[in-house]
Protein chains: 2
Amino acid sequence: MSTSAEDHRTRSRRRGAQLEEAILAAALAELQESGYAALSMEAIARRAGTGKASLYRRWDSRAALMVDAVHALAPRPADIPDTGSLRTDLLEVLRRTAEVLAGPAGEALRGLLAEALPDARRLAELRGRSRGSTRQLMRQVVERAAARGEIPAGSVRPSRMDVGAAILRSRVLVDAEEPDELMIVEIVDEILLPMLRALPEPPAPSL
Amino acid sequence: MSTSAEDHRTRSRRRGAQLEEAILAAALAELQESGYAALSMEAIARRAGTGKASLYRRWDSRAALMVDAVHALAPRPADIPDTGSLRTDLLEVLRRTAEVLAGPAGEALRGLLAEALPDARRLAELRGRSRGSTRQLMRQVVERAAARGEIPAGSVRPSRMDVGAAILRSRVLVDAEEPDELMIVEIVDEILLPMLRALPEPPAPSL
């Protein structure tokens, strides 16, 4: 009997995760069909074959749901193979990030930002929800490079982990440039690699 | 007679420039009072003591007017003294940029971006209108440093001129961080200086 109770709990949990996945997929499909501004919780629920209540049980707003939908598309650290070279690893991280930005996640990010930018409270909420996926990928490849001695350990600084993504977001989302291989190679060879191979400026000596 | 005609033309032009200045000032004052979303051409015209027609003669949209209002606040290359050191010059450029972002220009940029982000056509228009003021300041201090031999000439690359501003914009406008001296010193010492002192990665040899 205890086994059957456990089975039941496992099945329920699995159904929960599956329903969540179906809702996130429905949210992205609705987004591509109607655009962010017209996106409604009702249409997402209908497409996922569930009710609005089960959406609001998980997410208190459309923005919260969309942040999770974007996160579901973000590349995971395990997706980035260890090529043994910082340059090829960085190219791979930026290629994956650019692919994501060019697709429905980019559309969702544009919508989320447009909605949050005029309102400091919403912007802070959006920041609080975001999980810094690209920052994690960056940290992984940079720490690997430091571990094998390709760059000095002192080069791994938190402020440096967001440089590639900040430039990519600025050029793709704001400047509306097409994120092609040329742009990615330029960011890696002219900005990221020279920066990561050098130590930060030493603090000014206190006299 | 030719002198008086010239005088007349000069006076008219001066009046034109003065009226333009008054309109840009009125736009920024209205922005601070009502926020970007509620900003109307009519209220700006009223405050500037002119008619809506004279606004639309110069700017075909609220966005076009606000881009010029932001530009009027941006620091000019002549505002950045040549301190003889790339580090102090960079700190100064980022301090001025951060000051501007923290004031009404930051508010205007948030509004302009929020309006343009969901619409590729508007975003392209906004990009076409922006004049890259920070990029010009950067280029000035970096070229000075290369000229006096503080950094190698090959270090001056177009892709590098926007790194400081892209990171500052990302942290101030998107992450809603307060742009303080610590943030500015971190960007200069950990990111910009190490990058600018190093040459870009040489292109891969073609075999």
# chains A, B, ... in the order shown; residues from 1 in each chain; ligands from 1
$ calpha_fit_and_write --fixed "chain A" --moving "chain B" --output "PDB file with C-alpha atoms, in the first residue's frame"
ATOM      1  CA  MET B   1       1.012   0.159   0.053  1.00  0.00           C
ATOM      2  CA  SER B   2       3.816   2.587   0.725  1.00  0.00           C
ATOM      3  CA  THR B   3       5.139   1.729  -2.762  1.00  0.00           C
ATOM      4  CA  SER B   4       1.806   2.471  -4.385  1.00  0.00           C
ATOM      5  CA  ALA B   5       1.527   5.759  -2.484  1.00  0.00           C
ATOM      6  CA  GLU B   6       4.992   6.714  -3.700  1.00  0.00           C
ATOM      7  CA  ASP B   7       4.066   5.724  -7.246  1.00  0.00           C
ATOM      8  CA  HIS B   8       1.024   7.905  -6.979  1.00  0.00           C
ATOM      9  CA  ARG B   9       3.045  10.864  -5.742  1.00  0.00           C
ATOM     10  CA  THR B  10       5.616  10.360  -8.483  1.00  0.00           C
ATOM     11  CA  ARG B  11       2.912  10.178 -11.131  1.00  0.00           C
ATOM     12  CA  SER B  12       1.287  13.355  -9.802  1.00  0.00           C
ATOM     13  CA  ARG B  13       4.578  15.164  -9.787  1.00  0.00           C
ATOM     14  CA  ARG B  14       5.298  13.977 -13.317  1.00  0.00           C
ATOM     15  CA  ARG B  15       1.892  15.178 -14.419  1.00  0.00           C
ATOM     16  CA  GLY B  16       2.648  18.495 -12.757  1.00  0.00           C
ATOM     17  CA  ALA B  17       5.928  18.856 -14.626  1.00  0.00           C
ATOM     18  CA  GLN B  18       4.320  17.734 -17.875  1.00  0.00           C
ATOM     19  CA  LEU B  19       1.485  20.222 -17.508  1.00  0.00           C
ATOM     20  CA  GLU B  20       4.000  22.975 -16.776  1.00  0.00           C
ATOM     21  CA  GLU B  21       5.943  22.053 -19.909  1.00  0.00           C
ATOM     22  CA  ALA B  22       2.740  22.097 -21.973  1.00  0.00           C
ATOM     23  CA  ILE B  23       1.850  25.552 -20.634  1.00  0.00           C
ATOM     24  CA  LEU B  24       5.320  26.973 -21.387  1.00  0.00           C
ATOM     25  CA  ALA B  25       5.180  25.523 -24.922  1.00  0.00           C
ATOM     26  CA  ALA B  26       1.686  26.980 -25.398  1.00  0.00           C
ATOM     27  CA  ALA B  27       2.917  30.380 -24.178  1.00  0.00           C
ATOM     28  CA  LEU B  28       5.717  30.420 -26.771  1.00  0.00           C
ATOM     29  CA  ALA B  29       3.378  29.274 -29.556  1.00  0.00           C
ATOM     30  CA  GLU B  30       0.839  31.988 -28.649  1.00  0.00           C
ATOM     31  CA  LEU B  31       3.637  34.547 -28.526  1.00  0.00           C
ATOM     32  CA  GLN B  32       4.727  33.744 -32.064  1.00  0.00           C
ATOM     33  CA  GLU B  33       1.153  33.868 -33.287  1.00  0.00           C
ATOM     34  CA  SER B  34      -0.058  37.042 -31.583  1.00  0.00           C
ATOM     35  CA  GLY B  35       3.049  38.936 -30.416  1.00  0.00           C
ATOM     36  CA  TYR B  36       3.769  39.915 -26.827  1.00  0.00           C
ATOM     37  CA  ALA B  37       1.336  42.818 -26.489  1.00  0.00           C
ATOM     38  CA  ALA B  38      -1.707  40.717 -27.457  1.00  0.00           C
ATOM     39  CA  LEU B  39      -0.661  37.654 -25.439  1.00  0.00           C
ATOM     40  CA  SER B  40      -3.405  36.572 -23.004  1.00  0.00           C
ATOM     41  CA  MET B  41      -3.348  34.047 -20.161  1.00  0.00           C
ATOM     42  CA  GLU B  42      -6.714  32.783 -21.391  1.00  0.00           C
ATOM     43  CA  ALA B  43      -5.431  31.943 -24.879  1.00  0.00           C
ATOM     44  CA  ILE B  44      -2.354  30.236 -23.406  1.00  0.00           C
ATOM     45  CA  ALA B  45      -4.532  28.133 -21.081  1.00  0.00           C
ATOM     46  CA  ARG B  46      -6.844  27.179 -23.945  1.00  0.00           C
ATOM     47  CA  ARG B  47      -3.951  26.106 -26.136  1.00  0.00           C
ATOM     48  CA  ALA B  48      -2.408  24.071 -23.288  1.00  0.00           C
ATOM     49  CA  GLY B  49      -5.773  22.359 -22.708  1.00  0.00           C
ATOM     50  CA  THR B  50      -6.131  23.601 -19.164  1.00  0.00           C
ATOM     51  CA  GLY B  51      -7.847  26.381 -17.206  1.00  0.00           C
ATOM     52  CA  LYS B  52      -6.650  29.883 -16.362  1.00  0.00           C
ATOM     53  CA  ALA B  53      -6.671  28.914 -12.675  1.00  0.00           C
ATOM     54  CA  SER B  54      -3.923  26.349 -13.164  1.00  0.00           C
ATOM     55  CA  LEU B  55      -1.786  29.041 -14.829  1.00  0.00           C
ATOM     56  CA  TYR B  56      -2.321  31.511 -12.011  1.00  0.00           C
ATOM     57  CA  ARG B  57      -1.579  28.781  -9.437  1.00  0.00           C
ATOM     58  CA  ARG B  58       1.960  28.659 -10.853  1.00  0.00           C
ATOM     59  CA  TRP B  59       2.564  32.214 -12.129  1.00  0.00           C
ATOM     60  CA  ASP B  60       1.076  35.392 -10.685  1.00  0.00           C
ATOM     61  CA  SER B  61       1.441  37.336 -13.938  1.00  0.00           C
ATOM     62  CA  ARG B  62       1.958  36.974 -17.661  1.00  0.00           C
ATOM     63  CA  ALA B  63       5.477  38.352 -17.178  1.00  0.00           C
ATOM     64  CA  ALA B  64       6.336  35.648 -14.602  1.00  0.00           C
ATOM     65  CA  LEU B  65       5.108  32.939 -16.994  1.00  0.00           C
ATOM     66  CA  MET B  66       7.067  34.383 -19.919  1.00  0.00           C
ATOM     67  CA  VAL B  67      10.301  34.586 -17.897  1.00  0.00           C
ATOM     68  CA  ASP B  68       9.987  30.833 -17.258  1.00  0.00           C
ATOM     69  CA  ALA B  69       9.154  30.206 -20.934  1.00  0.00           C
ATOM     70  CA  VAL B  70      12.316  32.084 -21.955  1.00  0.00           C
ATOM     71  CA  HIS B  71      14.335  30.189 -19.360  1.00  0.00           C
ATOM     72  CA  ALA B  72      13.063  26.860 -20.740  1.00  0.00           C
ATOM     73  CA  LEU B  73      14.680  27.755 -24.099  1.00  0.00           C
ATOM     74  CA  ALA B  74      18.001  28.934 -22.661  1.00  0.00           C
ATOM     75  CA  PRO B  75      20.996  26.652 -23.243  1.00  0.00           C
ATOM     76  CA  ARG B  76      22.098  24.715 -20.155  1.00  0.00           C
ATOM     77  CA  PRO B  77      25.701  24.375 -18.937  1.00  0.00           C
ATOM     78  CA  ALA B  78      25.504  20.646 -19.898  1.00  0.00           C
ATOM     79  CA  ASP B  79      24.734  21.666 -23.521  1.00  0.00           C
ATOM     80  CA  ILE B  80      28.151  23.304 -23.926  1.00  0.00           C
ATOM     81  CA  PRO B  81      30.792  20.676 -24.709  1.00  0.00           C
ATOM     82  CA  ASP B  82      34.266  21.147 -23.231  1.00  0.00           C
ATOM     83  CA  THR B  83      36.325  21.689 -26.378  1.00  0.00           C
ATOM     84  CA  GLY B  84      39.555  22.205 -24.432  1.00  0.00           C
ATOM     85  CA  SER B  85      39.972  25.727 -25.863  1.00  0.00           C
ATOM     86  CA  LEU B  86      38.558  28.911 -24.377  1.00  0.00           C
ATOM     87  CA  ARG B  87      38.108  30.446 -27.835  1.00  0.00           C
ATOM     88  CA  THR B  88      35.954  27.625 -29.218  1.00  0.00           C
ATOM     89  CA  ASP B  89      34.036  27.381 -25.936  1.00  0.00           C
ATOM     90  CA  LEU B  90      33.269  31.126 -25.988  1.00  0.00           C
ATOM     91  CA  LEU B  91      32.184  30.975 -29.633  1.00  0.00           C
ATOM     92  CA  GLU B  92      29.828  28.122 -28.749  1.00  0.00           C
ATOM     93  CA  VAL B  93      28.291  29.974 -25.773  1.00  0.00           C
ATOM     94  CA  LEU B  94      27.652  33.086 -27.876  1.00  0.00           C
ATOM     95  CA  ARG B  95      26.296  31.052 -30.814  1.00  0.00           C
ATOM     96  CA  ARG B  96      23.751  29.336 -28.562  1.00  0.00           C
ATOM     97  CA  THR B  97      22.819  32.630 -26.927  1.00  0.00           C
ATOM     98  CA  ALA B  98      22.437  34.338 -30.312  1.00  0.00           C
ATOM     99  CA  GLU B  99      20.248  31.483 -31.602  1.00  0.00           C
ATOM    100  CA  VAL B 100      17.982  31.865 -28.587  1.00  0.00           C
ATOM    101  CA  LEU B 101      17.799  35.676 -28.951  1.00  0.00           C
ATOM    102  CA  ALA B 102      16.918  35.365 -32.651  1.00  0.00           C
ATOM    103  CA  GLY B 103      13.956  33.057 -31.919  1.00  0.00           C
ATOM    104  CA  PRO B 104      10.789  33.289 -29.795  1.00  0.00           C
ATOM    105  CA  ALA B 105      12.842  33.916 -26.641  1.00  0.00           C
ATOM    106  CA  GLY B 106      14.159  37.114 -28.222  1.00  0.00           C
ATOM    107  CA  GLU B 107      10.605  38.153 -29.040  1.00  0.00           C
ATOM    108  CA  ALA B 108       9.582  37.402 -25.448  1.00  0.00           C
ATOM    109  CA  LEU B 109      12.544  39.325 -24.017  1.00  0.00           C
ATOM    110  CA  ARG B 110      11.738  42.350 -26.166  1.00  0.00           C
ATOM    111  CA  GLY B 111       8.135  42.208 -24.896  1.00  0.00           C
ATOM    112  CA  LEU B 112       9.111  41.714 -21.261  1.00  0.00           C
ATOM    113  CA  LEU B 113      11.609  44.561 -21.392  1.00  0.00           C
ATOM    114  CA  ALA B 114       9.206  46.903 -23.184  1.00  0.00           C
ATOM    115  CA  GLU B 115       6.623  46.237 -20.488  1.00  0.00           C
ATOM    116  CA  ALA B 116       9.030  46.603 -17.567  1.00  0.00           C
ATOM    117  CA  LEU B 117      11.267  49.514 -18.687  1.00  0.00           C
ATOM    118  CA  PRO B 118       8.864  52.376 -17.876  1.00  0.00           C
ATOM    119  CA  ASP B 119       8.199  51.051 -14.354  1.00  0.00           C
ATOM    120  CA  ALA B 120      11.027  50.617 -11.808  1.00  0.00           C
ATOM    121  CA  ARG B 121       8.964  48.158  -9.733  1.00  0.00           C
ATOM    122  CA  ARG B 122       8.279  45.889 -12.696  1.00  0.00           C
ATOM    123  CA  LEU B 123      11.878  46.102 -13.804  1.00  0.00           C
ATOM    124  CA  ALA B 124      13.048  45.008 -10.346  1.00  0.00           C
ATOM    125  CA  GLU B 125      10.568  42.107 -10.421  1.00  0.00           C
ATOM    126  CA  LEU B 126      11.810  41.061 -13.847  1.00  0.00           C
ATOM    127  CA  ARG B 127      15.416  41.143 -12.614  1.00  0.00           C
ATOM    128  CA  GLY B 128      14.474  39.152  -9.526  1.00  0.00           C
ATOM    129  CA  ARG B 129      12.921  36.447 -11.688  1.00  0.00           C
ATOM    130  CA  SER B 130      15.649  36.146 -14.301  1.00  0.00           C
ATOM    131  CA  ARG B 131      18.128  33.377 -13.666  1.00  0.00           C
ATOM    132  CA  GLY B 132      21.196  34.611 -15.520  1.00  0.00           C
ATOM    133  CA  SER B 133      21.540  31.507 -17.703  1.00  0.00           C
ATOM    134  CA  THR B 134      24.187  33.013 -19.986  1.00  0.00           C
ATOM    135  CA  ARG B 135      26.158  34.204 -16.986  1.00  0.00           C
ATOM    136  CA  GLN B 136      26.280  30.564 -15.769  1.00  0.00           C
ATOM    137  CA  LEU B 137      27.495  29.300 -19.156  1.00  0.00           C
ATOM    138  CA  MET B 138      30.174  31.978 -19.219  1.00  0.00           C
ATOM    139  CA  ARG B 139      31.349  31.175 -15.742  1.00  0.00           C
ATOM    140  CA  GLN B 140      31.589  27.498 -16.669  1.00  0.00           C
ATOM    141  CA  VAL B 141      33.814  27.969 -19.729  1.00  0.00           C
ATOM    142  CA  VAL B 142      35.941  30.679 -18.085  1.00  0.00           C
ATOM    143  CA  GLU B 143      36.529  28.603 -14.936  1.00  0.00           C
ATOM    144  CA  ARG B 144      37.491  25.602 -17.089  1.00  0.00           C
ATOM    145  CA  ALA B 145      40.032  27.754 -18.942  1.00  0.00           C
ATOM    146  CA  ALA B 146      41.484  29.008 -15.648  1.00  0.00           C
ATOM    147  CA  ALA B 147      41.660  25.433 -14.287  1.00  0.00           C
ATOM    148  CA  ARG B 148      43.718  24.234 -17.259  1.00  0.00           C
ATOM    149  CA  GLY B 149      45.984  27.298 -17.046  1.00  0.00           C
ATOM    150  CA  GLU B 150      44.842  28.934 -20.284  1.00  0.00           C
ATOM    151  CA  ILE B 151      44.052  32.165 -18.455  1.00  0.00           C
ATOM    152  CA  PRO B 152      45.194  33.410 -15.036  1.00  0.00           C
ATOM    153  CA  ALA B 153      42.903  32.516 -12.124  1.00  0.00           C
ATOM    154  CA  GLY B 154      42.687  36.209 -11.186  1.00  0.00           C
ATOM    155  CA  SER B 155      41.013  36.849 -14.523  1.00  0.00           C
ATOM    156  CA  VAL B 156      37.739  35.246 -13.376  1.00  0.00           C
ATOM    157  CA  ARG B 157      35.778  38.250 -12.098  1.00  0.00           C
ATOM    158  CA  PRO B 158      31.977  38.455 -11.657  1.00  0.00           C
ATOM    159  CA  SER B 159      31.815  41.726 -13.623  1.00  0.00           C
ATOM    160  CA  ARG B 160      33.358  39.987 -16.652  1.00  0.00           C
ATOM    161  CA  MET B 161      30.820  37.161 -16.877  1.00  0.00           C
ATOM    162  CA  ASP B 162      28.097  39.368 -18.360  1.00  0.00           C
ATOM    163  CA  VAL B 163      30.153  41.276 -20.946  1.00  0.00           C
ATOM    164  CA  GLY B 164      29.519  38.939 -23.901  1.00  0.00           C
ATOM    165  CA  ALA B 165      25.773  38.663 -23.281  1.00  0.00           C
ATOM    166  CA  ALA B 166      25.372  42.412 -22.589  1.00  0.00           C
ATOM    167  CA  ILE B 167      26.996  43.258 -25.921  1.00  0.00           C
ATOM    168  CA  LEU B 168      25.061  40.589 -27.792  1.00  0.00           C
ATOM    169  CA  ARG B 169      21.754  41.744 -26.262  1.00  0.00           C
ATOM    170  CA  SER B 170      22.569  45.358 -27.035  1.00  0.00           C
ATOM    171  CA  ARG B 171      23.400  44.591 -30.687  1.00  0.00           C
ATOM    172  CA  VAL B 172      20.594  42.088 -31.332  1.00  0.00           C
ATOM    173  CA  LEU B 173      17.684  43.384 -29.229  1.00  0.00           C
ATOM    174  CA  VAL B 174      18.390  47.120 -29.261  1.00  0.00           C
ATOM    175  CA  ASP B 175      20.437  47.765 -32.407  1.00  0.00           C
ATOM    176  CA  ALA B 176      18.333  45.135 -34.240  1.00  0.00           C
ATOM    177  CA  GLU B 177      21.436  43.676 -35.919  1.00  0.00           C
ATOM    178  CA  GLU B 178      21.272  40.129 -37.310  1.00  0.00           C
ATOM    179  CA  PRO B 179      23.416  37.994 -34.967  1.00  0.00           C
ATOM    180  CA  ASP B 180      25.677  36.307 -37.529  1.00  0.00           C
ATOM    181  CA  GLU B 181      28.939  34.392 -37.194  1.00  0.00           C
ATOM    182  CA  LEU B 182      30.950  37.537 -38.002  1.00  0.00           C
ATOM    183  CA  MET B 183      29.457  39.404 -35.060  1.00  0.00           C
ATOM    184  CA  ILE B 184      30.135  36.481 -32.725  1.00  0.00           C
ATOM    185  CA  VAL B 185      33.754  36.045 -33.846  1.00  0.00           C
ATOM    186  CA  GLU B 186      34.293  39.796 -33.452  1.00  0.00           C
ATOM    187  CA  ILE B 187      32.951  39.816 -29.875  1.00  0.00           C
ATOM    188  CA  VAL B 188      35.136  36.827 -28.926  1.00  0.00           C
ATOM    189  CA  ASP B 189      38.381  37.885 -30.671  1.00  0.00           C
ATOM    190  CA  GLU B 190      38.309  41.633 -30.107  1.00  0.00           C
ATOM    191  CA  ILE B 191      36.611  41.871 -26.714  1.00  0.00           C
ATOM    192  CA  LEU B 192      36.265  38.699 -24.632  1.00  0.00           C
ATOM    193  CA  LEU B 193      39.545  36.852 -25.247  1.00  0.00           C
ATOM    194  CA  PRO B 194      41.853  39.897 -24.835  1.00  0.00           C
ATOM    195  CA  MET B 195      39.959  40.846 -21.662  1.00  0.00           C
ATOM    196  CA  LEU B 196      40.012  37.321 -20.172  1.00  0.00           C
ATOM    197  CA  ARG B 197      43.709  36.763 -20.908  1.00  0.00           C
ATOM    198  CA  ALA B 198      44.597  39.902 -18.942  1.00  0.00           C
ATOM    199  CA  LEU B 199      44.383  40.470 -15.210  1.00  0.00           C
ATOM    200  CA  PRO B 200      42.225  43.335 -13.936  1.00  0.00           C
ATOM    201  CA  GLU B 201      43.999  46.613 -13.219  1.00  0.00           C
ATOM    202  CA  PRO B 202      45.581  46.338  -9.760  1.00  0.00           C
ATOM    203  CA  PRO B 203      43.925  48.593  -7.180  1.00  0.00           C
ATOM    204  CA  ALA B 204      45.680  51.953  -6.841  1.00  0.00           C
ATOM    205  CA  PRO B 205      48.308  51.796  -4.066  1.00  0.00           C
ATOM    206  CA  SER B 206      47.138  53.607  -0.939  1.00  0.00           C
ATOM    207  CA  LEU B 207      49.914  56.000   0.007  1.00  0.00           C
TER     208      LEU B 207
END
$ select_by_dssp --residues "region 86-191 of chain B" --states "alpha helix (DSSP H)" --output "ChimeraX atom specification"
/B:86-102,104-116,120-129,133-147,163-169,181-186
